[in-house]
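Data from model-v4.cif: mmCIF, C-alpha atoms
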data_entry
loop_
_atom_site.label_atom_id
_atom_site.label_comp_id
_atom_site.auth_asym_id
_atom_site.auth_seq_id
_atom_site.Cartn_x
_atom_site.Cartn_y
_atom_site.Cartn_z
CA MET A 1 -12.81 3.63 -3.14
CA SER A 2 -9.40 2.74 -4.56
CA HIS A 3 -6.52 5.09 -3.87
CA THR A 4 -3.19 5.03 -5.70
CA LEU A 5 -0.28 5.95 -3.45
CA VAL A 6 3.29 6.51 -4.57
CA ALA A 7 6.00 6.39 -1.90
CA LEU A 8 9.76 6.86 -1.88
CA LEU A 9 11.47 4.57 0.60
CA GLN A 10 15.01 3.88 1.71
CA ASP A 11 16.09 0.56 0.25
CA HIS A 12 16.53 -1.40 3.51
CA PRO A 13 15.60 -4.99 4.44
CA GLY A 14 12.16 -5.35 6.01
CA VAL A 15 10.69 -2.07 4.73
CA LEU A 16 8.10 -3.78 2.51
CA HIS A 17 6.99 -5.95 5.44
CA ARG A 18 6.53 -2.90 7.70
CA VAL A 19 4.54 -1.04 5.04
CA VAL A 20 2.24 -4.00 4.37
CA SER A 21 1.77 -4.55 8.12
CA LEU A 22 0.76 -0.90 8.48
CA PHE A 23 -2.11 -1.42 6.03
CA ARG A 24 -3.05 -4.80 7.53
CA ARG A 25 -3.36 -3.31 11.02
CA ARG A 26 -5.69 -0.63 9.68
CA GLY A 27 -7.84 -3.24 7.92
CA TYR A 28 -7.25 -1.87 4.41
CA ASN A 29 -7.09 -4.21 1.44
CA ILE A 30 -4.05 -3.77 -0.81
CA GLU A 31 -5.20 -4.39 -4.38
CA SER A 32 -1.65 -4.23 -5.76
CA VAL A 33 1.84 -3.28 -4.63
CA THR A 34 4.83 -2.74 -6.89
CA VAL A 35 8.31 -1.79 -5.71
CA GLY A 36 11.44 -1.08 -7.71
CA ARG A 37 14.55 1.05 -7.82
CA SER A 38 14.09 4.75 -8.36
CA GLU A 39 16.29 7.36 -10.02
CA ALA A 40 18.15 7.92 -6.72
CA PRO A 41 20.69 5.36 -5.43
CA GLY A 42 19.46 3.55 -2.31
CA VAL A 43 15.85 4.74 -2.79
CA SER A 44 12.96 2.58 -3.99
CA ARG A 45 9.66 3.76 -5.45
CA MET A 46 6.53 1.93 -4.33
CA THR A 47 3.11 2.13 -5.95
CA LEU A 48 0.22 0.86 -3.84
CA VAL A 49 -3.42 0.59 -4.86
CA VAL A 50 -5.48 0.49 -1.67
CA ASP A 51 -9.20 0.02 -1.16
CA ALA A 52 -10.09 2.62 1.48
CA GLU A 53 -12.62 5.42 1.93
CA ASN A 54 -10.20 7.81 3.62
CA VAL A 55 -6.51 7.14 3.32
CA GLU A 56 -5.26 10.33 5.03
CA GLN A 57 -4.66 8.58 8.37
CA VAL A 58 -2.66 5.83 6.67
CA ILE A 59 -0.49 8.42 4.92
CA LYS A 60 0.22 10.02 8.30
CA GLN A 61 1.12 6.59 9.70
CA PHE A 62 3.32 5.96 6.66
CA TYR A 63 5.50 8.90 7.64
CA ARG A 64 6.07 7.35 11.07
CA LEU A 65 8.15 4.63 9.41
CA ILE A 66 11.78 5.77 9.52
CA GLU A 67 12.56 4.59 5.97
CA VAL A 68 9.70 6.51 4.31
CA LEU A 69 10.94 9.65 2.56
CA LYS A 70 7.80 10.79 0.75
CA VAL A 71 4.20 9.61 0.21
CA GLN A 72 1.76 11.02 -2.31
CA ASP A 73 -1.86 10.13 -3.02
CA VAL A 74 -2.01 10.43 -6.83
CA THR A 75 -5.57 9.15 -7.19
CA ASP A 76 -6.93 12.46 -8.49
CA ASP A 77 -3.75 13.58 -10.27
CA ARG A 78 -3.03 13.22 -13.96
CA THR A 79 -0.83 10.11 -14.06
CA VAL A 80 0.75 7.67 -16.46
CA GLU A 81 -0.27 4.19 -15.24
CA ARG A 82 0.84 0.82 -16.56
CA GLU A 83 0.38 -2.85 -15.73
CA THR A 84 1.72 -6.00 -17.33
CA VAL A 85 -0.11 -9.30 -17.69
CA LEU A 86 1.07 -12.69 -18.91
CA VAL A 87 -1.77 -14.98 -20.02
CA LYS A 88 -1.39 -18.62 -21.04
CA VAL A 89 -4.30 -19.85 -23.17
CA HIS A 90 -5.21 -23.20 -24.74
CA ALA A 91 -4.09 -23.31 -28.38
CA SER A 92 -4.11 -26.23 -30.76
CA PRO A 93 -1.78 -26.05 -33.76
CA ALA A 94 -4.83 -25.41 -35.98
CA SER A 95 -6.07 -22.44 -33.91
CA ARG A 96 -2.68 -20.84 -33.24
CA ALA A 97 -2.58 -18.45 -36.23
CA GLY A 98 -6.10 -17.16 -35.54
CA LEU A 99 -5.34 -16.59 -31.86
CA ILE A 100 -2.14 -14.73 -32.66
CA ALA A 101 -3.98 -12.48 -35.12
CA LEU A 102 -6.84 -11.86 -32.67
CA THR A 103 -4.64 -10.96 -29.73
CA GLY A 104 -2.19 -9.06 -31.94
CA ALA A 105 -5.06 -6.74 -32.87
CA ALA A 106 -5.50 -6.14 -29.13
CA GLY A 107 -1.83 -5.13 -28.76
CA ALA A 108 -0.55 -8.37 -27.23
CA LYS A 109 2.87 -9.87 -27.91
CA VAL A 110 3.48 -13.61 -28.10
CA ALA A 111 5.85 -14.43 -25.23
CA ASP A 112 5.91 -18.23 -25.67
CA VAL A 113 4.58 -20.89 -28.03
CA GLY A 114 3.97 -24.36 -26.59
CA VAL A 115 2.57 -27.58 -28.02
CA ASN A 116 -0.95 -26.84 -26.76
CA SER A 117 -0.64 -23.30 -25.45
CA LEU A 118 0.36 -19.72 -26.17
CA VAL A 119 1.56 -17.15 -23.66
CA PHE A 120 0.65 -13.54 -24.43
CA GLU A 121 2.08 -10.42 -22.85
CA VAL A 122 0.37 -7.04 -22.62
CA THR A 123 1.70 -3.88 -21.00
CA ASP A 124 -0.84 -1.07 -21.00
CA THR A 125 -3.19 0.93 -18.81
CA PRO A 126 -5.04 -1.09 -16.13
CA ASP A 127 -8.33 -0.78 -18.06
CA LYS A 128 -6.81 -2.09 -21.29
CA VAL A 129 -5.15 -4.97 -19.43
CA GLU A 130 -8.55 -5.86 -17.95
CA THR A 131 -10.14 -5.70 -21.42
CA PHE A 132 -7.46 -8.04 -22.80
CA ILE A 133 -8.06 -10.54 -19.98
CA ASP A 134 -11.79 -10.48 -20.77
CA LEU A 135 -10.93 -11.17 -24.43
CA CYS A 136 -8.86 -14.20 -23.39
CA ARG A 137 -11.46 -15.77 -21.05
CA PRO A 138 -13.46 -17.49 -23.85
CA LEU A 139 -10.19 -18.92 -25.20
CA GLY A 140 -9.63 -20.86 -21.98
CA ILE A 141 -7.07 -19.28 -19.65
CA LYS A 142 -4.70 -21.93 -18.29
CA GLU A 143 -2.58 -19.55 -16.20
CA MET A 144 -2.35 -15.82 -15.64
CA ILE A 145 -0.20 -13.39 -13.68
CA ARG A 146 -0.75 -9.67 -13.47
CA SER A 147 1.80 -7.23 -12.16
CA GLY A 148 0.89 -4.47 -9.81
CA ARG A 149 0.15 -1.02 -11.12
CA ILE A 150 2.93 1.48 -11.52
CA ALA A 151 2.08 5.17 -11.64
CA MET A 152 3.89 8.44 -12.22
CA VAL A 153 2.42 11.94 -12.15
CA ARG A 154 2.51 13.51 -15.59
CA GLY A 155 4.71 16.55 -16.17
CA GLN A 156 3.12 19.87 -16.99
CA GLY A 157 2.69 20.47 -20.71
CA LEU A 158 4.46 23.14 -22.72
CA GLN A 159 2.82 26.27 -24.11
CA PRO A 160 3.02 26.38 -27.91
CA GLY A 161 5.85 28.61 -29.17
CA ARG A 162 7.27 29.27 -25.69
CA GLY A 163 10.14 26.77 -25.59
CA SER A 164 10.39 25.06 -22.23
CA THR A 165 8.11 27.39 -20.26
CA ALA A 166 5.64 25.29 -18.27
CA ARG A 167 1.92 25.79 -18.85
CA PRO A 168 0.03 27.04 -15.78
CA ARG A 169 -1.76 24.23 -13.95
CA SER A 170 -5.17 25.93 -14.29
CA SER A 171 -4.99 25.70 -18.10
CA LEU A 172 -4.47 21.93 -18.03
CA ALA A 173 -8.17 21.33 -17.52
CA SER A 174 -9.00 23.33 -20.66
CA ALA A 175 -6.38 21.59 -22.83
CA PRO A 176 -7.84 19.76 -25.83
CA ALA A 177 -8.21 16.01 -25.49
CA LEU A 178 -5.68 13.96 -27.44
CA ASP A 179 -6.79 11.35 -29.92
CA PRO A 180 -5.25 8.02 -28.75
CA ASN A 181 -5.03 6.90 -32.39
CA SER A 182 -2.94 9.86 -33.53
CA PRO A 183 0.86 9.45 -33.88
CA SER A 184 1.49 12.42 -31.59
CA TYR A 185 -0.49 10.80 -28.76
CA ASN A 186 2.13 8.14 -27.98
CA ALA A 187 4.97 10.65 -28.24
CA GLN A 188 3.23 13.05 -25.82
CA ALA A 189 2.18 10.24 -23.47
CA ASP A 190 5.83 9.17 -23.26
CA GLY A 191 6.89 12.73 -22.48
CA GLU A 192 8.49 13.43 -25.85
CA GLY A 193 5.95 15.98 -27.11
#
Same coordinates, now as structure tokens:
Amino acid sequence: MSHTLVALLQDHPGVLHRVVSLFRRRGYNIESVTVGRSEAPGVSRMTLVVDAENVEQVIKQFYRLIEVLKVQDVTDDRTVERETVLVKVHASPASRAGLIALTGAAGAKVADVGVNSLVFEVTDTPDKVETFIDLCRPLGIKEMIRSGRIAMVRGQGLQPGRGSTARPRSSLASAPALDPNSPSYNAQADGEG
């Protein structure tokens, strides 16, 4: 089973190596790892996707590393997750317009136009990135690079008519599902609603 872990680490040389070695010694496969600066100076946020049945022992080992400030398994939490992919496909001048229209309908942006190729960029949920890659396979993928997953736990929603009072966690499960095609969906998914 894949687990998504989010860790806050002190931004010191060698920390990434020690974290990866920790997983290697335990025999766990890291599906993706993404590290970047966080909101706090000198602190990095790491998102790891690990293939493991029980990751509790690894989390305990994580805390043994001096630079680790916090580790959270967000696998079962409500999260916002994103990945980016760049895909270079074969494209003759005659097929270029059709390919751009096809991939544009899938939410891709054209990142580069070459003599015999196009490079598309998609940033979306991991499932939608995978769907886009499947769409590109029949076109003839020349090159591809996929970033690691980044994840952040969603904030608690607001109760209607109550200003900034947080909704109790137990009522989140009974909240109505949002329609991904509605204009308010993107605003709420980005934390604006």
Hits of the PyMOL selection byres ((chain A and resi 8-13) around 9) in this structure, as a PyMOL selection string: chain A and resi 6-7+14-17+37-38+41-46+66-71
Selection under test: the PyMOL selection byres ((chain A and resi 121-133) around 8); residues as a ChimeraX atom specification: /A:81-87,106-111,119-120,134-137,149
Between CA of Glu143 in chain A and CA of Ser2 in chain A - distance in Å to one decimal: 26.1 Å
Atomic separation - CA of Val35 in chain A relative to CA of Ala151 in chain A, Å: 11.1 Å
The PyMOL selection byres ((chain A and resi 1) around 12) applied to the shown file, residues as a list in words: Ser2, His3, Thr4, Tyr28, Asn29, Ile30, Glu31, Val49, Val50, Asp51, Ala52, Glu53, Asn54, Val55, Thr75 and Asp76 of chain A
Write the residues you've just listed into a file as a PDB file, in the coordinates of the input, and include C-alpha atoms for each of them.
ATOM      1  CA  SER A   2      -9.400   2.740  -4.560  1.00  0.00           C
ATOM      2  CA  HIS A   3      -6.520   5.090  -3.870  1.00  0.00           C
ATOM      3  CA  THR A   4      -3.190   5.030  -5.700  1.00  0.00           C
ATOM      4  CA  TYR A  28      -7.250  -1.870   4.410  1.00  0.00           C
ATOM      5  CA  ASN A  29      -7.090  -4.210   1.440  1.00  0.00           C
ATOM      6  CA  ILE A  30      -4.050  -3.770  -0.810  1.00  0.00           C
ATOM      7  CA  GLU A  31      -5.200  -4.390  -4.380  1.00  0.00           C
ATOM      8  CA  VAL A  49      -3.420   0.590  -4.860  1.00  0.00           C
ATOM      9  CA  VAL A  50      -5.480   0.490  -1.670  1.00  0.00           C
ATOM     10  CA  ASP A  51      -9.200   0.020  -1.160  1.00  0.00           C
ATOM     11  CA  ALA A  52     -10.090   2.620   1.480  1.00  0.00           C
ATOM     12  CA  GLU A  53     -12.620   5.420   1.930  1.00  0.00           C
ATOM     13  CA  ASN A  54     -10.200   7.810   3.620  1.00  0.00           C
ATOM     14  CA  VAL A  55      -6.510   7.140   3.320  1.00  0.00           C
ATOM     15  CA  THR A  75      -5.570   9.150  -7.190  1.00  0.00           C
ATOM     16  CA  ASP A  76      -6.930  12.460  -8.490  1.00  0.00           C
TER      17      ASP A  76
END
Atom pair CA of Arg146 in chain A / CA of Gln72 in chain A: separation (Å):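 A separation of 23.6 Å between them.
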